[in-house]
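Text of the file query28.cif, holding mmCIF, C-alpha atoms and all ligand atoms:
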data_target
#
loop_
_atom_site.label_atom_id
_atom_site.label_comp_id
_atom_site.auth_asym_id
_atom_site.auth_seq_id
_atom_site.Cartn_x
_atom_site.Cartn_y
_atom_site.Cartn_z
CA MET A 1 50.04 2.72 30.47
CA ASN A 2 46.30 3.22 30.39
CA ALA A 3 44.50 1.31 27.64
CA MET A 4 41.84 4.01 27.60
CA ASN A 5 44.37 6.41 26.12
CA ASN A 6 45.71 3.99 23.57
CA PRO A 7 45.26 5.67 20.18
CA TYR A 8 45.38 2.37 18.28
CA THR A 9 42.25 0.30 17.99
CA LEU A 10 41.58 -3.43 18.08
CA VAL A 11 38.03 -2.94 16.82
CA PHE A 12 36.98 -3.70 13.26
CA GLY A 13 34.91 -1.52 11.01
CA GLN A 14 35.37 1.94 12.54
CA PRO A 15 37.64 4.56 11.05
CA PRO A 16 40.65 4.44 13.39
CA ILE A 17 42.32 7.49 14.96
CA GLU A 18 45.72 6.34 13.73
CA ILE A 19 45.11 5.96 10.03
CA ILE A 20 47.41 5.43 7.08
CA HIS A 21 45.62 7.09 4.20
CA ARG A 22 45.15 5.14 1.02
CA THR A 23 45.05 8.42 -0.79
CA ALA A 24 45.82 7.18 -4.29
CA GLN A 25 43.26 4.38 -4.21
CA VAL A 26 40.55 6.59 -2.67
CA GLU A 27 41.24 9.42 -5.13
CA ARG A 28 41.08 7.15 -8.14
CA ILE A 29 37.54 6.08 -7.36
CA VAL A 30 36.37 9.51 -6.21
CA SER A 31 37.62 11.25 -9.33
CA GLU A 32 36.28 8.52 -11.59
CA PHE A 33 32.80 8.81 -10.07
CA ASN A 34 33.01 12.59 -10.10
CA SER A 35 33.95 12.97 -13.72
CA PRO A 36 31.39 14.61 -16.05
CA ARG A 37 31.07 11.41 -18.09
CA PRO A 38 32.02 8.56 -15.81
CA ALA A 39 33.44 5.52 -17.56
CA ASN A 40 32.43 3.38 -14.59
CA TYR A 41 29.59 3.46 -12.13
CA ILE A 42 30.70 0.51 -10.07
CA ASN A 43 33.73 -0.54 -8.09
CA LEU A 44 34.17 -3.83 -6.26
CA ILE A 45 36.55 -3.69 -3.32
CA THR A 46 38.13 -6.95 -2.27
CA GLY A 47 40.73 -7.85 0.29
CA VAL A 48 41.39 -10.32 3.06
CA ARG A 49 39.67 -9.93 6.44
CA GLY A 50 41.18 -7.06 8.33
CA SER A 51 42.75 -5.44 5.28
CA GLY A 52 40.62 -2.32 5.72
CA LYS A 53 37.71 -2.64 3.27
CA THR A 54 35.12 -1.13 5.59
CA VAL A 55 37.37 1.77 6.52
CA PHE A 56 38.17 2.30 2.83
CA ILE A 57 34.57 2.60 1.63
CA THR A 58 33.77 4.81 4.61
CA GLN A 59 36.51 7.16 3.44
CA ILE A 60 35.11 7.27 -0.07
CA ALA A 61 31.60 7.83 1.25
CA ASP A 62 32.79 10.60 3.58
CA THR A 63 34.70 12.30 0.79
CA LEU A 64 31.71 12.34 -1.53
CA LYS A 65 29.31 13.36 1.25
CA THR A 66 31.14 16.68 1.59
CA LYS A 67 30.25 17.55 -2.01
CA ASP A 68 26.77 19.01 -2.29
CA ASN A 69 25.81 17.21 -5.49
CA TRP A 70 26.27 13.78 -3.88
CA ILE A 71 23.85 11.78 -1.78
CA VAL A 72 25.42 8.78 -0.09
CA VAL A 73 23.33 5.81 1.01
CA ASN A 74 24.64 2.81 2.88
CA LEU A 75 22.59 -0.35 2.31
CA ASN A 76 22.45 -3.48 4.40
CA PRO A 77 22.60 -6.55 2.15
CA GLN A 78 20.43 -8.51 4.58
CA ARG A 79 17.33 -6.34 4.10
CA ASP A 80 14.95 -5.45 1.31
CA MET A 81 17.49 -3.23 -0.35
CA LEU A 82 15.22 -1.46 -2.83
CA VAL A 83 12.72 -0.27 -0.24
CA SER A 84 15.63 0.73 2.04
CA LEU A 85 17.12 2.74 -0.78
CA ALA A 86 13.84 4.59 -1.41
CA ALA A 87 13.41 5.26 2.32
CA LYS A 88 16.95 6.53 2.75
CA LEU A 89 16.75 8.80 -0.27
CA ASP A 90 13.46 10.18 0.99
CA SER A 91 14.94 10.85 4.43
CA ASP A 92 17.27 13.41 2.87
CA LYS A 93 15.51 16.74 3.47
CA SER A 94 16.18 18.34 0.12
CA LEU A 95 15.32 15.15 -1.74
CA HIS A 96 12.11 14.73 0.21
CA LYS A 97 11.05 18.17 -0.97
CA LEU A 98 12.06 17.30 -4.50
CA PHE A 99 10.06 14.06 -4.50
CA SER A 100 6.96 15.79 -3.11
CA GLU A 101 7.21 18.46 -5.79
CA ALA A 102 7.55 15.76 -8.42
CA GLN A 103 4.45 14.18 -6.85
CA ILE A 104 6.09 10.83 -6.27
CA ASN A 105 3.78 9.03 -3.88
CA LEU A 106 5.67 6.43 -1.82
CA GLN A 107 2.84 5.57 0.54
CA ALA A 108 2.61 2.01 -0.69
CA PHE A 109 6.02 1.37 0.84
CA GLY A 110 5.22 3.12 4.09
CA ILE A 111 7.44 6.05 3.13
CA GLY A 112 6.47 9.71 3.38
CA LEU A 113 3.07 11.33 3.42
CA SER A 114 0.26 10.80 1.00
CA ILE A 115 0.01 13.30 -1.81
CA LYS A 116 -3.47 14.58 -2.53
CA GLY A 117 -4.92 13.39 -5.80
CA VAL A 118 -1.85 11.35 -6.71
CA PRO A 119 -2.19 7.58 -6.63
CA PRO A 120 0.60 5.76 -4.82
CA ILE A 121 3.17 3.96 -6.96
CA SER A 122 2.92 0.26 -6.29
CA ASP A 123 6.11 -0.95 -7.95
CA ILE A 124 9.32 -0.15 -6.11
CA GLU A 125 11.40 -0.22 -9.26
CA GLU A 126 9.10 2.31 -10.87
CA ALA A 127 9.23 4.50 -7.77
CA LEU A 128 13.01 4.46 -7.66
CA LYS A 129 13.24 5.27 -11.34
CA LYS A 130 11.09 8.36 -10.85
CA MET A 131 13.14 9.37 -7.83
CA LEU A 132 16.42 8.95 -9.70
CA GLU A 133 15.08 10.85 -12.68
CA SER A 134 14.25 13.84 -10.54
CA ILE A 135 17.67 13.56 -8.87
CA LYS A 136 19.23 13.54 -12.32
CA LYS A 137 17.36 16.71 -13.28
CA GLN A 138 18.93 18.40 -10.26
CA LYS A 139 22.36 17.29 -11.53
CA LYS A 140 22.89 15.29 -8.37
CA ARG A 141 24.36 11.83 -8.02
CA VAL A 142 23.72 8.95 -5.64
CA LEU A 143 26.40 6.69 -4.23
CA VAL A 144 25.24 3.38 -2.78
CA THR A 145 27.71 1.58 -0.55
CA ILE A 146 27.27 -2.06 0.38
CA ASP A 147 29.65 -3.56 2.89
CA GLU A 148 30.17 -7.32 2.87
CA ALA A 149 28.12 -8.25 -0.14
CA THR A 150 27.37 -11.93 -0.48
CA ASN A 151 25.52 -13.90 -3.10
CA SER A 152 22.21 -13.56 -1.23
CA LYS A 153 18.73 -13.32 -2.70
CA GLU A 154 18.36 -9.69 -1.59
CA MET A 155 21.66 -8.85 -3.18
CA ARG A 156 20.72 -10.46 -6.49
CA ILE A 157 17.37 -8.67 -6.58
CA PHE A 158 19.08 -5.38 -5.90
CA ALA A 159 21.79 -5.99 -8.48
CA SER A 160 19.40 -6.90 -11.27
CA THR A 161 17.34 -3.75 -10.67
CA TYR A 162 20.48 -1.68 -10.40
CA GLN A 163 21.49 -3.00 -13.80
CA ILE A 164 18.28 -1.56 -15.24
CA PHE A 165 18.99 1.85 -13.69
CA LEU A 166 22.41 1.82 -15.29
CA ARG A 167 20.99 1.00 -18.68
CA GLU A 168 18.65 3.97 -18.34
CA ARG A 169 21.63 6.19 -17.50
CA LEU A 170 20.37 7.11 -14.07
CA PRO A 171 22.99 8.69 -11.81
CA ILE A 172 23.45 5.90 -9.29
CA PHE A 173 26.91 4.64 -8.40
CA LEU A 174 27.82 1.54 -6.45
CA ILE A 175 30.70 0.49 -4.26
CA MET A 176 30.66 -2.99 -2.80
CA THR A 177 33.09 -4.76 -0.55
CA GLY A 178 33.43 -8.43 0.03
CA LEU A 179 35.85 -11.27 0.38
CA HIS A 180 37.20 -12.29 -2.98
CA LYS A 181 35.30 -15.57 -2.79
CA GLU A 182 31.93 -13.94 -2.10
CA ILE A 183 32.27 -11.31 -4.81
CA ASP A 184 33.17 -14.05 -7.26
CA ARG A 185 30.10 -16.08 -6.34
CA LEU A 186 27.89 -13.07 -6.86
CA ARG A 187 29.53 -12.21 -10.17
CA ASN A 188 29.05 -15.74 -11.41
CA ALA A 189 25.38 -15.89 -10.45
CA ARG A 190 22.82 -15.81 -13.26
CA GLY A 191 22.09 -12.39 -14.69
CA MET A 192 25.06 -10.73 -12.98
CA THR A 193 27.20 -10.45 -16.09
CA PHE A 194 27.43 -6.66 -15.71
CA LEU A 195 29.41 -7.26 -12.53
CA GLU A 196 31.93 -9.24 -14.51
CA ARG A 197 32.95 -6.10 -16.34
CA ALA A 198 32.96 -4.01 -13.17
CA PRO A 199 36.36 -2.69 -12.10
CA ARG A 200 37.84 -4.17 -8.99
CA THR A 201 40.04 -2.57 -6.42
CA VAL A 202 42.30 -4.91 -4.51
CA LEU A 203 43.45 -3.05 -1.43
CA LEU A 204 47.20 -2.51 -1.46
CA PRO A 205 49.30 -2.92 1.68
CA LEU A 206 49.60 0.25 3.76
CA ASN A 207 52.60 2.39 2.87
CA GLN A 208 55.73 1.36 4.86
CA ASN A 209 57.17 4.86 5.16
CA GLN A 210 53.93 6.25 6.47
CA ILE A 211 53.77 3.44 9.02
CA ILE A 212 57.33 4.22 10.16
CA GLU A 213 56.46 7.89 10.57
CA ASN A 214 53.29 7.06 12.42
CA TYR A 215 55.07 4.74 14.87
CA MET A 216 57.91 7.18 15.48
CA HIS A 217 55.48 9.96 16.19
CA THR A 218 52.79 8.13 18.13
CA LEU A 219 54.86 5.50 19.92
CA GLN A 220 57.91 7.74 20.41
CA VAL A 221 60.24 4.96 19.26
CA SER A 222 63.46 5.43 17.30
CA GLN A 223 63.49 5.26 13.54
CA ALA A 224 65.32 1.92 13.71
CA GLU A 225 62.68 0.45 16.00
CA ALA A 226 59.84 1.93 13.98
CA SER A 227 61.28 0.35 10.82
CA ILE A 228 61.39 -3.07 12.44
CA LEU A 229 57.83 -2.75 13.65
CA ALA A 230 56.63 -1.44 10.29
CA GLN A 231 58.22 -4.37 8.52
CA GLN A 232 56.47 -6.75 10.90
CA THR A 233 53.06 -5.34 9.89
CA LYS A 234 53.67 -6.16 6.22
CA GLY A 235 51.25 -3.30 5.57
CA TYR A 236 48.32 -5.38 6.84
CA SER A 237 45.88 -2.88 8.38
CA PHE A 238 44.82 -4.96 11.33
CA ALA A 239 48.45 -5.76 12.16
CA PHE A 240 49.31 -2.05 12.00
CA GLN A 241 46.70 -1.39 14.70
CA THR A 242 47.51 -4.48 16.77
CA ILE A 243 51.27 -3.95 16.81
CA GLY A 244 50.79 -0.25 17.52
CA TYR A 245 48.40 -1.07 20.31
CA PHE A 246 50.60 -3.55 22.14
CA VAL A 247 53.78 -1.54 21.70
CA TYR A 248 51.96 1.47 23.13
CA GLU A 249 51.11 -0.69 26.15
CA ASN A 250 54.60 -2.12 26.48
CA ARG A 251 57.17 0.23 25.01
CA ASP A 252 60.13 -1.06 26.97
CA ASN A 253 59.62 -4.65 25.93
CA LEU A 254 59.15 -4.79 22.19
CA SER A 255 59.46 -8.55 21.88
CA LYS A 256 56.74 -9.07 24.49
CA ALA A 257 54.58 -6.53 22.65
CA LEU A 258 55.08 -8.34 19.36
CA ASP A 259 54.18 -11.68 20.97
CA ASP A 260 50.97 -10.16 22.30
CA ALA A 261 50.19 -8.69 18.89
CA LYS A 262 50.80 -12.03 17.23
CA GLU A 263 48.49 -13.84 19.59
CA TYR A 264 45.83 -11.23 19.04
CA LEU A 265 46.07 -11.57 15.27
CA TYR A 266 45.83 -15.34 15.56
CA ILE A 267 42.66 -15.23 17.60
CA PHE A 268 40.84 -12.30 15.99
CA ALA A 269 41.79 -12.64 12.34
CA TYR A 270 43.68 -15.78 11.41
CA GLU A 271 41.28 -18.28 13.03
CA LYS A 272 38.56 -16.94 10.78
CA ILE A 273 40.73 -16.72 7.68
CA TRP A 274 41.99 -20.26 8.22
CA SER A 275 38.52 -21.69 8.79
CA GLU A 276 37.40 -20.29 5.46
CA LEU A 277 40.09 -22.16 3.51
CA SER A 278 39.33 -25.52 1.92
CA ALA A 279 41.30 -28.57 3.09
CA ARG A 280 43.44 -28.41 -0.07
CA ASP A 281 44.06 -24.67 0.30
CA LYS A 282 45.26 -25.40 3.82
CA GLN A 283 47.66 -28.03 2.57
CA VAL A 284 49.09 -25.67 -0.01
CA THR A 285 49.33 -22.87 2.57
CA LEU A 286 51.14 -25.24 4.90
CA ALA A 287 53.58 -26.25 2.17
CA ALA A 288 54.25 -22.57 1.49
CA ALA A 289 54.87 -22.04 5.19
CA LYS A 290 57.49 -24.76 5.19
CA VAL A 291 59.51 -23.01 2.49
CA PRO A 292 60.89 -19.77 4.01
CA SER A 293 62.75 -18.95 0.77
CA GLY A 294 59.39 -18.88 -1.02
CA GLU A 295 60.51 -21.09 -3.93
CA ILE A 296 57.46 -22.57 -5.60
CA ILE A 297 59.42 -25.56 -6.85
CA LYS A 298 60.11 -26.64 -3.27
CA MET A 299 56.47 -26.21 -2.32
CA ARG A 300 55.45 -28.38 -5.25
CA ASN A 301 57.96 -31.03 -4.15
CA ILE A 302 56.44 -31.16 -0.69
CA LEU A 303 52.97 -31.56 -2.19
CA GLY A 304 53.98 -33.75 -5.13
CA TYR A 305 52.10 -31.38 -7.47
CA SER A 306 52.89 -30.55 -11.08
CA SER A 307 52.79 -26.86 -11.88
CA ASN A 308 49.39 -27.34 -13.53
CA GLN A 309 48.09 -28.85 -10.32
CA PHE A 310 49.67 -26.15 -8.21
CA ASN A 311 48.68 -23.05 -10.20
CA PRO A 312 44.97 -22.88 -9.34
CA TYR A 313 45.82 -22.92 -5.61
CA ARG A 314 48.50 -20.32 -6.07
CA ASP A 315 46.07 -18.07 -7.93
CA ARG A 316 43.36 -18.49 -5.33
CA LEU A 317 45.63 -17.80 -2.38
CA LEU A 318 47.05 -14.76 -4.15
CA LYS A 319 43.58 -13.41 -4.87
CA ALA A 320 42.47 -14.15 -1.34
CA GLY A 321 45.28 -11.89 -0.11
CA ILE A 322 47.06 -14.61 1.86
CA LEU A 323 50.09 -14.92 -0.41
CA VAL A 324 51.97 -12.44 -2.59
CA SER A 325 54.33 -13.09 -5.44
CA PRO A 326 57.27 -10.66 -5.25
CA ARG A 327 58.74 -12.23 -8.38
CA ASN A 328 58.39 -15.17 -10.70
CA GLY A 329 58.66 -18.55 -9.01
CA ILE A 330 58.43 -17.06 -5.51
CA LEU A 331 55.52 -16.90 -3.09
CA LYS A 332 55.58 -15.10 0.24
CA PHE A 333 53.02 -14.56 2.95
CA ALA A 334 51.07 -11.29 2.78
CA LEU A 335 50.08 -11.49 6.45
CA PRO A 336 52.57 -11.32 9.31
CA TRP A 337 53.29 -14.63 11.04
CA PHE A 338 50.68 -16.44 8.97
CA ASP A 339 53.31 -19.05 8.08
CA GLU A 340 53.92 -19.80 11.76
CA TYR A 341 50.21 -19.82 12.34
CA ALA A 342 49.61 -22.33 9.53
CA ILE A 343 52.25 -24.69 10.92
CA THR A 344 50.94 -24.53 14.49
CA ARG A 345 47.35 -24.86 13.37
CA SER A 346 47.98 -27.86 11.12
CA GLU A 347 49.77 -29.68 13.91
CA GLN A 348 46.66 -29.21 16.05
CA GLU A 349 44.38 -30.50 13.31
CA GLU A 350 46.36 -33.72 12.75
CA TYR A 351 45.74 -35.76 15.83
N1 LIG B 401 43.92 2.81 6.27
C1 LIG B 401 44.04 2.29 7.50
N2 LIG B 401 45.04 2.71 8.33
C2 LIG B 401 45.17 2.18 9.55
N3 LIG B 401 44.38 1.24 10.06
C3 LIG B 401 43.39 0.76 9.29
C4 LIG B 401 43.18 1.26 7.96
N4 LIG B 401 42.14 0.61 7.44
C5 LIG B 401 41.71 -0.26 8.37
N5 LIG B 401 42.44 -0.16 9.49
C6 LIG B 401 42.28 -0.96 10.73
O1 LIG B 401 42.34 -2.34 10.38
C7 LIG B 401 41.31 -3.10 11.03
C8 LIG B 401 40.45 -3.74 9.99
O2 LIG B 401 39.78 -2.75 9.21
P1 LIG B 401 38.37 -3.02 8.53
O3 LIG B 401 37.35 -3.35 9.55
O4 LIG B 401 38.09 -1.88 7.62
O5 LIG B 401 38.75 -4.33 7.67
P2 LIG B 401 37.82 -5.20 6.69
O6 LIG B 401 38.64 -5.48 5.49
O7 LIG B 401 36.53 -4.50 6.50
O8 LIG B 401 37.64 -6.53 7.52
P3 LIG B 401 36.43 -7.63 7.40
O9 LIG B 401 36.68 -8.40 6.14
O10 LIG B 401 36.55 -8.49 8.61
O11 LIG B 401 35.13 -6.85 7.37
C9 LIG B 401 40.60 -2.13 11.95
O12 LIG B 401 41.17 -2.22 13.23
C10 LIG B 401 40.89 -0.77 11.35
O13 LIG B 401 40.93 0.21 12.35
MG MG B 402 34.60 -4.99 7.01
#
What does this structure look like when you write it as structure tokens?
Amino acid sequence: MNAMNNPYTLVFGQPPIEIIHRTAQVERIVSEFNSPRPANYINLITGVRGSGKTVFITQIADTLKTKDNWIVVNLNPQRDMLVSLAAKLDSDKSLHKLFSEAQINLQAFGIGLSIKGVPPISDIEEALKKMLESIKKQKKRVLVTIDEATNSKEMRIFASTYQIFLRERLPIFLIMTGLHKEIDRLRNARGMTFLERAPRTVLLPLNQNQIIENYMHTLQVSQAEASILAQQTKGYSFAFQTIGYFVYENRDNLSKALDDAKEYLYIFAYEKIWSELSARDKQVTLAAAKVPSGEIIKMRNILGYSSNQFNPYRDRLLKAGILVSPRNGILKFALPWFDEYAITRSEQEEY
């Protein structure tokens, strides 16, 4: 088998060829933003590393881009986001024309040409307000996407200005992705209270039936085999690609393919996820890994924790997308083989 032809991808951040559409979750946001009187202008997308946040916002951006009343701008949270926003809006041909006609002089920010007899605007917030007002008059809307938002200075400056635009009912919408922890830090920062009320989308696992169909079709395996493989993914996006990839390379040895996939997940996702857990979170994760039945009571026994002591960890690991709770009193792993990984990893850490 030639890896060049492999339709599955091991690369993060690009829309994959083999994709399981999150139609319902994409549609909900698109139709909300598209409605004549939107109830929300913001959506925060969270999910564990490799769950598909970048691919998800790209899909929303691409969907809205095809509509001619939408302008989509992707901002890098490491840069001066307000100037970038002005520059990117101005680089849209029809908007550039609009801004020139409205005599908005952006020269002070090194954007566009000077306009005769019109003094340049020196305040970026003021400039953006004027730009958004003329966009509003055209009945157009702007979507800003920010991938991997963190509680950085640039991000906080952008967010506080954005808050002002919202108050003035300017048509600017925002989708941000980030790890649960980072989004929380940003939301809890001073002056970010509006983010507290912002709706959140927690990415759901990919649909099992669609994964089965995809594997049957693309890998040419039987339905029984496809079901086993689909179950192994647990609907985790990166595992869907990784398992697909290695089975495509090794169709007559599924257990070898799964071992390869597992190792790949360990190195390219779980190392990072693990390293971002606190020492206590690791202990709780390890206790969960030692209880295959998922009974919380047994995990608490291992740790010697009361339920009050245990609950905050449970909540955090659930929100982080590492554990799921299929029913009361039970915790299971959301990521394939993460329990095995936790056990192996902890043994290495305890010399
Ligand atoms: N809907 C999907 N269907 C199939 N594969 C997907 C889907 N979404 C993402 N993937 C695949 O999963 C992997 C991770 O996706 P992505 O880079 O979007 O995750 P992420 O949540 O942004 O991760 P990180 O937190 O590291 O930025 C990639 O290989 C991507 O191709
Ligand atoms: Mg990403």
Give me, please, the distance in Å between CA of Lys234 (chain A) and CA of Ile20 (chain A), quoted to one decimal.
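Result for CA of Lys234 (chain A) versus CA of Ile20 (chain A): 13.2 Å, one decimal.
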Go through chain A residue by residue and, counting all atoms listed in the file, keep those with an atom at most 9 Å from ligand MG 402 (chain B); for each kept residue give the shortest atom pair and its distance in Å to one decimal, ordered by chain and increasing number, as a Markdown table.
| residue | atom | partner | partner_atom | distance |
| --- | --- | --- | --- | --- |
| A:Phe12 | CA | B:MG402 | MG | 6.8 |
| A:Gly13 | CA | B:MG402 | MG | 5.3 |
| A:Gln14 | CA | B:MG402 | MG | 8.9 |
| A:Arg49 | CA | B:MG402 | MG | 7.1 |
| A:Gly50 | CA | B:MG402 | MG | 7.0 |
| A:Ser51 | CA | B:MG402 | MG | 8.3 |
| A:Gly52 | CA | B:MG402 | MG | 6.7 |
| A:Lys53 | CA | B:MG402 | MG | 5.4 |
| A:Thr54 | CA | B:MG402 | MG | 4.1 |
| A:Val55 | CA | B:MG402 | MG | 7.3 |
| A:Asp147 | CA | B:MG402 | MG | 6.6 |
| A:Glu148 | CA | B:MG402 | MG | 6.5 |
| A:Thr177 | CA | B:MG402 | MG | 7.7 |
| A:Gly178 | CA | B:MG402 | MG | 7.9 |
May I have the residues within 10 Å of ligand LIG 401 (chain B), computed using all atoms listed in the file, as a PyMOL selection string?
chain A and resi 8-23+45-59+147-148+177-180+203-207+210-211+214+235-242+244+268-269+272-273
In the coordinate frame of the file, compute which residues have an atom within 8 Å of (22.2, 14.3, -5.1) when using only C-alpha atoms, and state them as number ranges by chain.
A: 68-71, 95, 135-136, 138-142
For Arg190 (chain A), find every residue with an atom within 12 Å (counting only C-alpha atoms), except residues of its own chain fewer than 2 positions away, and show them as a ChimeraX atom specification.
/A:151,153,156-157,159-160,185-188,192-196
Distance in Å - CA of Phe310 (chain A) versus CA of Ile183 (chain A):
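Between these atoms lies a distance of 23.1 Å.
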Out of A:Val284, A:Glu126, A:Tyr248, A:Leu254, which residue has the shortest atom-to-atom distance to Met4 (chain A) when counting all atoms listed in the file?
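For Met4 (chain A), the nearest of the given residues is A:Tyr248.
Taking CA of Glu271 (chain A) as the reference point, CA of Val26 (chain A) is found at 29.4 Å.
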Measuring between all atoms listed in the file, which one of A:Phe165, A:Phe246, A:Tyr305, A:Tyr266 shows the shortest distance to Tyr215 (chain A)?
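Residue with the minimum atom-to-atom distance to Tyr215 (chain A): A:Phe246.
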